[in-house]
Amino acid sequence: MTGRPIEAADFHDVAVPEDPRLSPDGDRVAFVKRVPTDEESYERTVHVVPSDGGATRRFTLAEGEDAEPRWSPSGDRLAFTSTRGADDDRQQLWVLPTDGGEARQVTDVVGGVSSIEWSPDGTQIAFLQRVTPEDRENDRDRAVPQEYEPEEPDPRVIDRTVYRTAERYFDGARPQAYVVSLADDEVERVTDCDHDHASPTFGDAETLYVAAHRVGEDPDDDVRYDIVAHDLAAGDSEQVHRSSGWAAALTATEDGRVAHLHSERERVSMQPVELHVYDRTSETVHDVTAPLDRTLGLDAAPVWGPDGETLYFTTPDEGATAVWEATGDGSGEPERLFRGGSVDGLDAGEDAVAVTRSEADHPGDVFLVGDDGDRRLTHLNADYLEEVAVGEPEPLTVESEQGRVEGWVLTPPGFEDGDDGEHPLVVEVHGGPHAMWTASGTMWHEFQTLAARGYVVAWANPRGSTGYGEAFMQAIERDWGEVTLTDVLAVAEAVADRESVDADEVFLTGGSFGGYLTSWAVGHTDRFRAAVAQRGVYDLTGFYGSTDGAYKLVEGDFDATPWDDPEFLWDHSPVAHADAVDTPTLLLHSDRDYRTPANTAELFHRGLRKHGVDTRLVRYPREGHELSRSGEPGHVVDRIERIARWFDGYSDHRDAARALDRPDEAGLSAGEDPDDEGSADESDG
């Protein structure tokens, strides 16, 4: 392993591909390339790469942020959304000729544009936008008046059970479905009611299917949704099917078969996600994934192949992503096309499947899987990867008291098995809790950075994880703490027992559910020298009352509510055990995190301070729950450096004072001049 050590600030140099789309003739793949431009923003542009692996070409201007590239059915145009020319973050629809020429803006709507899809005849594009009743009454959802200036609600009046998510409040806006005619750029409403809608998808050219969240007395509190068919020519609509689940991704064929996600309604968070197909002609439902003891992967939505008979989808599969094909009528066993890496985007063509995939030796590229094998089409980070030393994770299998646990170990550059206890260990815990880590994925840069700073890094898929079957996922029923911690401690001990690891210096960190488990661990064991809990859940009752729709995790995983089982939920909350914590614990949180709101972090932080624990709460303005994956680049770098700096202060292998005893900026590179070689405090993190 040669090259310089990877640093947290290298995040600015790493490009990531998103949303691959095969052209109708299969000759090209369009995708979005994301790369940081400064401390606060990214450049997202559409690129196109030939399917034979030729040179990648940037297809759109580096102005604004682009998303959702979609080929027209004939391949002569490429639609995408972009913020170019806008003074806010509202995406608008653009269409670009693929044989050369300028892109033209098709929409200027108040709610922005997302979830775009071409009609089969190429004359219309469907999309969603978030709009209020006032927007619809004043036609701002069709065209924004030049003089219009939106106003922040003051005061903000809440009349919904779920009134915010991600990083924003709804403020009366709901996703509605629209189509725009490309002949005259006229925008027409498809839905016009006070319900949320999702995933518009064409069947034939005159039929648009939309998922409508309108079931029950309070649709916010009900995971059922209707699949509604809209006859665009007649202006009529018909409910064709009802399903349930966390998400409602639809994809349809011209002859009336609608594939959709389904999870059983009862305690939905504990149920696997299945792929169902509703056939309007026969009025039957086919469970395509019934033969698989796997839940569907949600990062890449299922798609029909061009033949309209075959579905393509992903599943987590024992520490990697598997891509499958299956017949839409559920006959026969699904066939696994390949398994490997971490796949977060998928599209199917006549003879191949395009994916965006990260692997242990790179943070992401575009691949094509076909009859002639698995081909890598891009090398987006070739120059960077030539410059740095990339470690290769070692697969790890551990037997805990509960059975087998799989994971990985990443060692520092120059690591030798006979280093005689010279290396501290960082154990990382994933979120979810029903998620799965691989040897790559979104944590690639963080793990490589910690290893480059001299830490052995271990991560695993403890019970509760997906990818190992339904029973494994459901093993944490009514117990997020002890069950998962048993597996995590087994992994920590197995790696700490290695001759080259200092068994007295084991550190712990994790985000979201990983933040819960980190804070639970420090209240139930003194095994860890120090810990960093990130965007966690620290009080289940407080979480239940302040999160978005994720409160269903409490109802599903714990089979409890604050009214029925208040003592039970308190006892399973990390904050209830703050008086037992001795481990120095740093808390990292985002101000606009509406998935795991900061109020429970504040409560845990106060509890730690009241009991004399070394602690600090760091809050990131403008950020939401996705800070570690897509936050402002400067914040992403700062977060990794603060984790390392916290651990450094409690390691005998580092010449560093506690972070609490140092100037706040010491050892942090965010905001510094990258050309000033003496500006960073490299020596002590």
# chains A, B, ... in the order shown; residues from 1 in each chain; ligands from 1

call {"tool": "closest_atom_pairs", "arguments": {"of": "range 80-117 of chain A", "to": "range 135-150 of chain A", "cutoff": "7 Å", "atoms": "only C-alpha atoms", "output": "CSV"}}
result
residue,atom,partner,partner_atom,distance
A:Asp108,CA,A:Ala143,CA,5.4
A:Val109,CA,A:Ala143,CA,4.9
A:Val110,CA,A:Asp141,CA,5.4
A:Gly111,CA,A:Asp141,CA,6.5

call {"tool": "residues_around", "arguments": {"residues": "Gly523 in chain A", "least_positions_apart": "2", "cutoff": "12 Å", "atoms": "only C-alpha atoms", "output": "CSV table (one decimal) with C-alpha atoms, in the first residue's frame"}}
result
chain,number,residue,atom,x,y,z
A,481,GLY,CA,-29.9,-2.2,23.6
A,482,GLU,CA,-28.8,-5.5,25.1
A,485,LEU,CA,-24.6,-4.5,22.3
A,516,TYR,CA,-28.6,5.1,20.3
A,517,LEU,CA,-26.4,2.1,20.7
A,518,THR,CA,-23.3,4.1,21.5
A,519,SER,CA,-25.1,6.0,24.3
A,520,TRP,CA,-26.7,2.8,25.5
A,521,ALA,CA,-23.3,1.1,25.6
A,525,THR,CA,-20.3,-1.1,30.2
A,526,ASP,CA,-17.0,0.6,30.9
A,527,ARG,CA,-15.4,-1.3,28.1
A,528,PHE,CA,-14.8,1.8,25.9
A,531,ALA,CA,-17.3,7.4,22.7
A,538,TYR,CA,-31.5,9.1,23.5
A,571,ASP,CA,-36.0,2.0,30.9
A,572,HIS,CA,-35.0,1.3,27.2
A,573,SER,CA,-33.8,4.9,26.7
A,574,PRO,CA,-30.1,5.7,27.1
A,575,VAL,CA,-30.8,8.9,29.1
A,576,ALA,CA,-32.4,6.8,31.8
A,577,HIS,CA,-28.9,5.4,32.5
A,578,ALA,CA,-26.9,8.6,32.3
A,579,ASP,CA,-26.1,8.3,36.0
A,580,ALA,CA,-24.2,5.1,35.2
A,581,VAL,CA,-21.9,6.7,32.5
A,582,ASP,CA,-18.2,7.2,33.2
A,583,THR,CA,-17.0,7.1,29.6
A,584,PRO,CA,-16.1,10.4,28.0
A,585,THR,CA,-18.8,11.0,25.4
A,604,PHE,CA,-28.6,13.2,27.4
A,607,GLY,CA,-27.6,14.3,32.1
A,608,LEU,CA,-23.9,13.6,31.4
A,611,HIS,CA,-23.1,13.4,36.6
A,613,VAL,CA,-18.9,13.0,32.7

call {"tool": "atom_distance", "arguments": {"atom1": "CA of Arg90 in chain A", "atom2": "CA of Gly64 in chain A"}}
result
10.3 Å

call {"tool": "residues_around", "arguments": {"residues": "Asp10 in chain A", "least_positions_apart": "6", "cutoff": "9 Å", "atoms": "only C-alpha atoms", "output": "VMD selection string"}}
result
chain A and resid 384 445 449 637

call {"tool": "write_last_selection", "arguments": {"atoms": "C-alpha atoms", "output": "CSV table (one decimal), in the first residue's frame"}}
result
chain,number,residue,atom,x,y,z
A,384,TYR,CA,-7.0,10.8,-6.3
A,445,HIS,CA,-13.9,7.9,3.4
A,449,THR,CA,-9.4,8.4,7.3
A,637,VAL,CA,-14.9,17.2,7.3

call {"tool": "select_by_dssp", "arguments": {"residues": "range 46-198 of chain A", "states": "strand (DSSP E)", "output": "VMD selection string"}}
result
chain A and resid 46 to 50 57 to 58 66 to 71 77 to 82 92 to 97 104 to 105 114 to 118 124 to 131 164 to 165 168 to 169 174 to 181 187 to 189 196 to 198

call {"tool": "write_last_selection", "arguments": {"atoms": "C-alpha atoms", "output": "mmCIF file, in the first residue's frame"}}
result
data_model
loop_
_atom_site.group_PDB
_atom_site.id
_atom_site.type_symbol
_atom_site.label_atom_id
_atom_site.label_comp_id
_atom_site.auth_asym_id
_atom_site.auth_seq_id
_atom_site.Cartn_x
_atom_site.Cartn_y
_atom_site.Cartn_z
ATOM 1 C CA VAL A 46 -25.046 15.200 -15.629
ATOM 2 C CA HIS A 47 -22.362 13.083 -17.300
ATOM 3 C CA VAL A 48 -22.675 10.457 -20.030
ATOM 4 C CA VAL A 49 -20.398 7.464 -20.527
ATOM 5 C CA PRO A 50 -20.481 5.045 -23.488
ATOM 6 C CA ARG A 57 -18.415 13.443 -21.126
ATOM 7 C CA ARG A 58 -20.000 16.172 -19.052
ATOM 8 C CA ASP A 66 -28.611 18.878 -11.478
ATOM 9 C CA ALA A 67 -30.506 15.686 -10.651
ATOM 10 C CA GLU A 68 -32.643 12.907 -12.141
ATOM 11 C CA PRO A 69 -31.316 12.483 -15.703
ATOM 12 C CA ARG A 70 -33.966 10.695 -17.781
ATOM 13 C CA TRP A 71 -33.710 9.683 -21.462
ATOM 14 C CA ARG A 77 -33.611 14.136 -25.545
ATOM 15 C CA LEU A 78 -32.491 14.025 -21.936
ATOM 16 C CA ALA A 79 -34.687 15.506 -19.204
ATOM 17 C CA PHE A 80 -33.242 16.501 -15.851
ATOM 18 C CA THR A 81 -33.997 18.783 -12.927
ATOM 19 C CA SER A 82 -31.754 21.674 -11.991
ATOM 20 C CA GLN A 92 -37.055 22.947 -12.231
ATOM 21 C CA LEU A 93 -37.455 20.709 -15.263
ATOM 22 C CA TRP A 94 -35.044 21.064 -18.192
ATOM 23 C CA VAL A 95 -34.807 19.167 -21.492
ATOM 24 C CA LEU A 96 -31.610 18.834 -23.526
ATOM 25 C CA PRO A 97 -31.235 17.510 -27.117
ATOM 26 C CA ARG A 104 -34.239 24.658 -22.258
ATOM 27 C CA GLN A 105 -36.154 25.233 -19.051
ATOM 28 C CA SER A 114 -38.944 15.896 -8.501
ATOM 29 C CA SER A 115 -39.744 12.291 -9.447
ATOM 30 C CA ILE A 116 -39.804 12.976 -13.187
ATOM 31 C CA GLU A 117 -40.864 10.376 -15.771
ATOM 32 C CA TRP A 118 -41.427 10.481 -19.539
ATOM 33 C CA GLN A 124 -45.230 14.569 -21.744
ATOM 34 C CA ILE A 125 -43.274 14.394 -18.525
ATOM 35 C CA ALA A 126 -44.864 13.660 -15.156
ATOM 36 C CA PHE A 127 -43.481 15.059 -11.917
ATOM 37 C CA LEU A 128 -44.217 15.909 -8.302
ATOM 38 C CA GLN A 129 -44.053 19.258 -6.558
ATOM 39 C CA ARG A 130 -44.857 20.342 -2.981
ATOM 40 C CA VAL A 131 -47.567 22.991 -2.977
ATOM 41 C CA ARG A 164 -41.857 18.020 8.983
ATOM 42 C CA THR A 165 -39.190 15.663 7.664
ATOM 43 C CA ARG A 168 -37.862 21.173 6.333
ATOM 44 C CA TYR A 169 -41.313 21.886 7.670
ATOM 45 C CA ARG A 174 -48.157 18.504 0.025
ATOM 46 C CA PRO A 175 -46.672 16.569 -2.897
ATOM 47 C CA GLN A 176 -49.048 16.721 -5.865
ATOM 48 C CA ALA A 177 -48.686 15.079 -9.282
ATOM 49 C CA TYR A 178 -48.476 16.998 -12.563
ATOM 50 C CA VAL A 179 -47.788 16.476 -16.243
ATOM 51 C CA VAL A 180 -46.248 18.989 -18.601
ATOM 52 C CA SER A 181 -46.798 18.916 -22.360
ATOM 53 C CA VAL A 187 -48.365 22.309 -16.818
ATOM 54 C CA GLU A 188 -51.528 20.443 -15.837
ATOM 55 C CA ARG A 189 -52.571 19.174 -12.402
ATOM 56 C CA ASP A 196 -49.660 13.399 -0.042
ATOM 57 C CA HIS A 197 -48.783 11.733 -3.330
ATOM 58 C CA ALA A 198 -45.715 9.814 -4.443
#
